[in-house]
Every structure is written in C-alpha cells, then in structure tokens.
Amino acid sequence: MSNGQSNGSNGQWYPPEWPDRIRALAAGELVPATPKRAATVLLLKDGPDGPLVHMLRRRASMAFAGGAYAYPGGGVDPRDEHPVRWAGPSREEWAARLGLAGPAEAQAVVCAAVRETYEEAGVLLAGQTPDSVVGDTTGDDWEKDREALVARELSFADFLDRRGLVLRSDLLGAWARWITPEFEPRRYDTWFFVAALPAGQRTRNASTEADRTVWIRPADAAAGYDRGELTMMPPTISTLRALQRHGTAAGALAAAPEQDLVPVLAQARLDGDEVILSWPGHDEFTKHVPSRTPGAGRAPGREGEGGTA
C-alpha cells in the first residue's frame, strides 16, 4: 500500500488510493475489513514550559503511513486477556469506560496499552506492589524479555508473572477512540490513553518501525503539522490539540475521565465525481477530492500497527 504525501497546506495524511476505494465501497464492490482492537499511549512528562509528549516517526519505508509522527501503540494480542495481577480501577470499571462488553476485553485493551508502551518505548507501567512502579527497565535481562514480547514468544501475562509485577491500570487515562475508515484495508479500533513517564524510567526508540523519537510540546507539534512540516493522521493531531489545554502531565491525566470516548469513524460520500471525506466532530479534516485526475487524493504520512485514520 503506498504512502500518502503532503497536500501542501498542512501535515494531514491519507493515501492516494483512498478515493478509488471510496468509490468502490459506494458501488458495493468493496467489503469492509473487520477492525482489530488496538491501543496507543500518549506518554507525558513535564518540561519547563508545560508537558511534553513522546512521539515517534514511522520509517518512510513502512507500507502504511510511512514518515508520519505517531505514539507508541499496536494491536491487542489475544493473550492480553490472560490473568494478571492488577491495580487500579476494576476490569468492570474499565469495560464501562472503554465501551466494551466485558472485563476480559477491557483487560486486553489496557494490557495492550501497557505492553506496547514497553515494547516500543522501553517504559513499563507496572510495579512490585499496587502502589509502586519499577524504576529502571534497562539492562540485558530486561531487553531480552522485551524482545521476546515483540516476537510474541512471551505473553505479557507471563512476563509480569515471571517478574512478580502488578499492572498499574491506574496510571492510564482513557483519552479518545478512533476507528479506521471502512475503505481502508488495514483497520483498527484504537483506544488512545494518556500516562505520565514514571520516575526513574526513560524512553528510547525500541521500535523497529520508527527512525526517530522526540519529546515535544503538543503546541509545537501541532504548529509543525499546521506548517506542513510534520505528517500526522487525524487522531494524532486531534489528541495533540486536546492536550494543549493542560499545563502539566498530572493535569492531563486528571482530565481524562471527562474525555469523550464515542468512536470517531470517517465518513465518505460522492458528490458527482467529487469524493467528500469527513470525520464527524472534526471539521478541520474534511477533504474534497475532485475527479480521478493524476495525483488526486495525495497528502502526507502514517501511524503504526494500531494506527487509525
């Protein structure tokens, strides 16, 4: 699947084949794929001028959204439902908050958020007790376990059990939910969470899908997007804009319970030869793509496994 490119006005990404796929869907020639559940984490820390968010840039060679800035995240592993020691709101409370049918599904999404943050950023939201957090996740033994998790040779439940760790679900705040459009072949139903970088831990680029990581002020990242310098998918820039209202990482976490988790799903319609693409409640992303001229529909970048458009 080809990467999208900049449209010359901002950093909004979408792939050039979308207009044709939208037309095929409207004609009944395309069967939508079932979205895979996924989780993404906006990892925060306080800087001198407000909170900073950890972002990674996907390698340009990636088939989907290459070159786009995103957050650590990925798809749910079926084994994320395996029993784990748990701290924070109950699984039932999480199910209600996330809009899921039951505690097992809720645990899987929360576990995916914590696991992917460790796999891609080296940061672990877990501790020896329900009120502690590991202070250092560097060293050969940690790296061996992290690589085994990435390779799916080790389940997250077994990893936590082996180290006697409790998953700290209370360190996460559910922030948003976006579902990849029906006309995209790789679809995800993605929950976005916020979390503060635990004391003593540090991020690193542990992802094979990223060529760069940064700590950046949400306002600066949004300004880079607005200038067309940073490529992002709609949920990424939307969550960045929402973060700008908060002066500290703790403030953002405290605001999480008030965030709307109604799923955002892009809609497309045909008006003659023109494709009109929109995301309900997010007017800034609306696109009008005229006829099938060469290069129609071109715009920028991408989000990793578990990314949403």
# chains A, B, ... in the order shown; residues from 1 in each chain; ligands from 1
$ residues_around --residues "region 73-85 of chain A" --least-positions-apart "4" --cutoff "7 Å" --atoms "only C-alpha atoms" --output "ChimeraX atom specification"
/A:36-41,104-105,107-109,111-113,116-117,155-157,166-167,304-306
$ residues_around --residues "Leu165 (chain A)" --least-positions-apart "4" --cutoff "6 Å" --atoms "only C-alpha atoms" --output "list in words"
Gly127, Gln128 and Leu160 of chain A
$ write_last_selection --atoms "N, CA and C atoms" --output "mmCIF file, in the first residue's frame"
data_model
loop_
_atom_site.group_PDB
_atom_site.id
_atom_site.type_symbol
_atom_site.label_atom_id
_atom_site.label_comp_id
_atom_site.auth_asym_id
_atom_site.auth_seq_id
_atom_site.Cartn_x
_atom_site.Cartn_y
_atom_site.Cartn_z
ATOM 1 N N GLY A 127 4.541 -2.386 38.720
ATOM 2 C CA GLY A 127 5.388 -2.307 39.904
ATOM 3 C C GLY A 127 5.326 -3.580 40.729
ATOM 4 N N GLN A 128 6.180 -3.654 41.736
ATOM 5 C CA GLN A 128 6.204 -4.819 42.613
ATOM 6 C C GLN A 128 4.971 -4.870 43.507
ATOM 7 N N LEU A 160 4.894 -10.449 33.261
ATOM 8 C CA LEU A 160 4.609 -9.841 34.555
ATOM 9 C C LEU A 160 4.727 -10.856 35.683
#
$ residues_around --residues "region 259-265 of chain A" --least-positions-apart "5" --cutoff "7 Å" --atoms "only C-alpha atoms" --output "short mmCIF file (atom, residue, chain, number, x, y, z; two decimals) with all heavy atoms, in the first residue's frame"
data_model
loop_
_atom_site.label_atom_id
_atom_site.label_comp_id
_atom_site.auth_asym_id
_atom_site.auth_seq_id
_atom_site.Cartn_x
_atom_site.Cartn_y
_atom_site.Cartn_z
N TRP A 175 -8.43 8.47 26.72
CA TRP A 175 -8.47 9.82 26.17
C TRP A 175 -9.37 9.94 24.93
O TRP A 175 -10.05 10.94 24.75
CB TRP A 175 -7.06 10.26 25.83
CG TRP A 175 -6.91 11.72 25.58
CD1 TRP A 175 -6.83 12.34 24.36
CD2 TRP A 175 -6.81 12.77 26.55
NE1 TRP A 175 -6.69 13.70 24.51
CE2 TRP A 175 -6.67 13.99 25.86
CE3 TRP A 175 -6.83 12.79 27.95
CZ2 TRP A 175 -6.55 15.21 26.51
CZ3 TRP A 175 -6.71 14.01 28.59
CH2 TRP A 175 -6.58 15.19 27.88
N ALA A 176 -9.33 8.95 24.04
CA ALA A 176 -10.10 9.04 22.79
C ALA A 176 -10.20 7.66 22.17
O ALA A 176 -9.51 6.72 22.57
CB ALA A 176 -9.45 10.02 21.81
N ARG A 177 -11.09 7.54 21.18
CA ARG A 177 -11.25 6.28 20.45
C ARG A 177 -11.53 6.60 18.99
O ARG A 177 -12.45 7.35 18.68
CB ARG A 177 -12.39 5.45 21.06
CG ARG A 177 -12.62 4.10 20.38
CD ARG A 177 -13.80 3.38 21.03
NE ARG A 177 -14.08 2.10 20.39
CZ ARG A 177 -15.11 1.31 20.73
NH1 ARG A 177 -15.94 1.69 21.70
NH2 ARG A 177 -15.30 0.17 20.11
N TRP A 178 -10.73 6.06 18.11
CA TRP A 178 -10.87 6.27 16.67
C TRP A 178 -10.89 4.93 15.95
O TRP A 178 -10.13 4.01 16.33
CB TRP A 178 -9.72 7.11 16.13
CG TRP A 178 -9.74 8.54 16.56
CD1 TRP A 178 -9.58 9.02 17.84
CD2 TRP A 178 -9.92 9.70 15.73
NE1 TRP A 178 -9.65 10.38 17.85
CE2 TRP A 178 -9.85 10.83 16.57
CE3 TRP A 178 -10.13 9.87 14.36
CZ2 TRP A 178 -9.98 12.13 16.08
CZ3 TRP A 178 -10.25 11.18 13.87
CH2 TRP A 178 -10.18 12.28 14.72
N ILE A 179 -11.71 4.81 14.94
CA ILE A 179 -11.80 3.58 14.15
C ILE A 179 -11.40 3.89 12.70
O ILE A 179 -11.88 4.85 12.10
CB ILE A 179 -13.22 2.99 14.19
CG1 ILE A 179 -13.64 2.70 15.64
CG2 ILE A 179 -13.30 1.71 13.35
CD1 ILE A 179 -15.08 2.21 15.78
N THR A 180 -10.51 3.08 12.17
CA THR A 180 -10.06 3.26 10.79
C THR A 180 -11.24 3.18 9.84
O THR A 180 -12.12 2.34 10.01
CB THR A 180 -9.02 2.17 10.43
OG1 THR A 180 -8.07 2.08 11.48
CG2 THR A 180 -8.32 2.49 9.14
N PRO A 181 -11.28 4.04 8.82
CA PRO A 181 -12.42 4.05 7.89
C PRO A 181 -12.66 2.71 7.20
O PRO A 181 -11.75 1.89 7.05
CB PRO A 181 -12.01 5.10 6.85
CG PRO A 181 -11.02 5.97 7.54
CD PRO A 181 -10.29 5.09 8.50
N TRP A 279 -14.60 13.51 9.07
CA TRP A 279 -14.55 12.84 10.37
C TRP A 279 -15.52 13.57 11.28
O TRP A 279 -15.29 14.74 11.63
CB TRP A 279 -13.13 12.90 10.94
CG TRP A 279 -12.16 11.93 10.35
CD1 TRP A 279 -11.72 10.76 10.91
CD2 TRP A 279 -11.46 12.04 9.09
NE1 TRP A 279 -10.82 10.14 10.08
CE2 TRP A 279 -10.64 10.90 8.95
CE3 TRP A 279 -11.47 12.98 8.07
CZ2 TRP A 279 -9.84 10.68 7.84
CZ3 TRP A 279 -10.67 12.77 6.96
CH2 TRP A 279 -9.87 11.63 6.86
N PRO A 280 -16.64 12.95 11.65
CA PRO A 280 -17.66 13.64 12.46
C PRO A 280 -17.08 14.28 13.71
O PRO A 280 -16.33 13.65 14.47
CB PRO A 280 -18.64 12.50 12.81
CG PRO A 280 -18.48 11.53 11.68
CD PRO A 280 -17.03 11.57 11.32
#
$ closest_residue --among "A:Ser132, A:Gln244, A:Ser169, A:Gln12" --to "Tyr225 (chain A)" --atoms "only C-alpha atoms"
A:Gln12
$ atom_distance --atom1 "CA of Asp20 (chain A)" --atom2 "CA of His288 (chain A)"
13.5 Å
$ closest_atom_pairs --of "region 68-124 of chain A" --to "region 189-206 of chain A" --cutoff "7 Å" --atoms "only C-alpha atoms" --output "tab-separated table"
residue	atom	partner	partner_atom	distance
A:Glu119	CA	A:Ala206	CA	6.6
A:Glu120	CA	A:Ala206	CA	4.8
A:Ala121	CA	A:Thr203	CA	5.1
A:Gly122	CA	A:Thr203	CA	5.7
A:Val123	CA	A:Thr203	CA	6.0
$ closest_residue --among "A:His54, A:Leu154, A:Ala223, A:Glu182" --to "Thr34 (chain A)" --atoms "only C-alpha atoms"
A:Glu182
$ decode --residues "region 121-231 of chain A" --atoms "C-alpha atoms" --output "tab-separated table (two decimals), in the first residue's frame"
chain	number	residue	atom	x	y	z
A	121	ALA	CA	9.42	2.98	24.23
A	122	GLY	CA	11.01	0.83	26.96
A	123	VAL	CA	8.67	2.30	29.59
A	124	LEU	CA	6.76	-0.07	31.88
A	125	LEU	CA	3.63	0.90	33.84
A	126	ALA	CA	3.93	-1.84	36.44
A	127	GLY	CA	5.39	-2.31	39.90
A	128	GLN	CA	6.20	-4.82	42.61
A	129	THR	CA	3.20	-3.60	44.62
A	130	PRO	CA	-0.12	-1.90	43.72
A	131	ASP	CA	1.34	1.50	44.70
A	132	SER	CA	4.86	1.26	43.26
A	133	VAL	CA	6.42	1.43	39.79
A	134	VAL	CA	9.62	-0.15	38.55
A	135	GLY	CA	12.35	2.48	38.44
A	136	ASP	CA	14.68	1.11	35.78
A	137	THR	CA	13.95	-1.12	32.80
A	138	THR	CA	17.40	-1.06	31.24
A	139	GLY	CA	19.85	-3.96	31.19
A	140	ASP	CA	20.35	-7.12	29.17
A	141	ASP	CA	17.76	-9.16	31.08
A	142	TRP	CA	15.04	-6.55	30.52
A	143	GLU	CA	15.97	-6.24	26.86
A	144	LYS	CA	15.81	-9.99	26.37
A	145	ASP	CA	12.27	-10.04	27.78
A	146	ARG	CA	11.24	-7.02	25.71
A	147	GLU	CA	12.47	-8.66	22.51
A	148	ALA	CA	10.61	-11.87	23.41
A	149	LEU	CA	7.41	-9.83	23.87
A	150	VAL	CA	7.88	-8.15	20.48
A	151	ALA	CA	8.43	-11.53	18.83
A	152	ARG	CA	5.32	-12.88	20.62
A	153	GLU	CA	7.48	-15.61	22.13
A	154	LEU	CA	6.41	-14.40	25.58
A	155	SER	CA	2.96	-13.28	26.66
A	156	PHE	CA	2.62	-10.11	28.69
A	157	ALA	CA	0.92	-12.06	31.48
A	158	ASP	CA	3.87	-14.48	31.72
A	159	PHE	CA	6.32	-11.57	31.61
A	160	LEU	CA	4.61	-9.84	34.56
A	161	ASP	CA	4.26	-13.10	36.48
A	162	ARG	CA	7.92	-14.03	35.99
A	163	ARG	CA	8.99	-10.70	37.45
A	164	GLY	CA	6.33	-10.58	40.17
A	165	LEU	CA	4.86	-7.37	38.81
A	166	VAL	CA	1.43	-5.76	39.17
A	167	LEU	CA	-0.08	-3.99	36.15
A	168	ARG	CA	-0.82	-0.37	37.15
A	169	SER	CA	-4.01	0.38	35.23
A	170	ASP	CA	-4.48	3.46	37.42
A	171	LEU	CA	-1.52	5.10	35.68
A	172	LEU	CA	-3.53	5.26	32.45
A	173	GLY	CA	-6.30	7.63	31.49
A	174	ALA	CA	-8.56	6.83	28.53
A	175	TRP	CA	-8.47	9.82	26.17
A	176	ALA	CA	-10.10	9.04	22.79
A	177	ARG	CA	-11.25	6.28	20.45
A	178	TRP	CA	-10.87	6.27	16.67
A	179	ILE	CA	-11.80	3.58	14.15
A	180	THR	CA	-10.06	3.26	10.79
A	181	PRO	CA	-12.42	4.05	7.89
A	182	GLU	CA	-14.31	1.24	6.17
A	183	PHE	CA	-12.47	1.82	2.90
A	184	GLU	CA	-9.02	1.17	4.43
A	185	PRO	CA	-7.89	-2.48	4.14
A	186	ARG	CA	-5.93	-2.41	7.43
A	187	ARG	CA	-8.48	-1.37	10.04
A	188	TYR	CA	-8.10	-0.75	13.77
A	189	ASP	CA	-10.46	0.16	16.58
A	190	THR	CA	-7.98	2.12	18.67
A	191	TRP	CA	-8.22	3.48	22.20
A	192	PHE	CA	-5.89	6.39	22.99
A	193	PHE	CA	-4.60	6.68	26.56
A	194	VAL	CA	-2.51	9.25	28.44
A	195	ALA	CA	0.12	8.30	31.02
A	196	ALA	CA	2.95	10.10	32.83
A	197	LEU	CA	6.53	8.87	32.48
A	198	PRO	CA	7.31	7.06	35.77
A	199	ALA	CA	10.12	8.48	37.90
A	200	GLY	CA	13.44	6.79	37.18
A	201	GLN	CA	12.41	5.48	33.76
A	202	ARG	CA	13.40	6.94	30.41
A	203	THR	CA	12.16	6.43	26.89
A	204	ARG	CA	14.21	5.14	23.99
A	205	ASN	CA	13.49	4.20	20.41
A	206	ALA	CA	12.89	0.49	20.83
A	207	SER	CA	10.61	0.22	17.80
A	208	THR	CA	11.81	-1.30	14.54
A	209	GLU	CA	9.05	0.72	12.83
A	210	ALA	CA	10.43	4.14	13.85
A	211	ASP	CA	13.50	6.05	12.73
A	212	ARG	CA	13.20	8.90	15.22
A	213	THR	CA	11.66	9.70	18.59
A	214	VAL	CA	11.12	13.08	20.21
A	215	TRP	CA	9.78	14.69	23.36
A	216	ILE	CA	7.85	17.70	22.11
A	217	ARG	CA	5.34	20.23	23.38
A	218	PRO	CA	1.89	19.45	21.95
A	219	ALA	CA	1.62	23.07	20.73
A	220	ASP	CA	4.96	22.81	18.89
A	221	ALA	CA	3.99	19.50	17.27
A	222	ALA	CA	0.64	20.96	16.21
A	223	ALA	CA	2.36	24.04	14.78
A	224	GLY	CA	4.69	21.78	12.78
A	225	TYR	CA	1.66	19.96	11.43
A	226	ASP	CA	-0.08	23.23	10.54
A	227	ARG	CA	3.02	24.32	8.58
A	228	GLY	CA	3.08	21.01	6.70
A	229	GLU	CA	6.41	20.04	8.29
A	230	LEU	CA	5.18	17.14	10.44
A	231	THR	CA	2.92	14.50	8.92
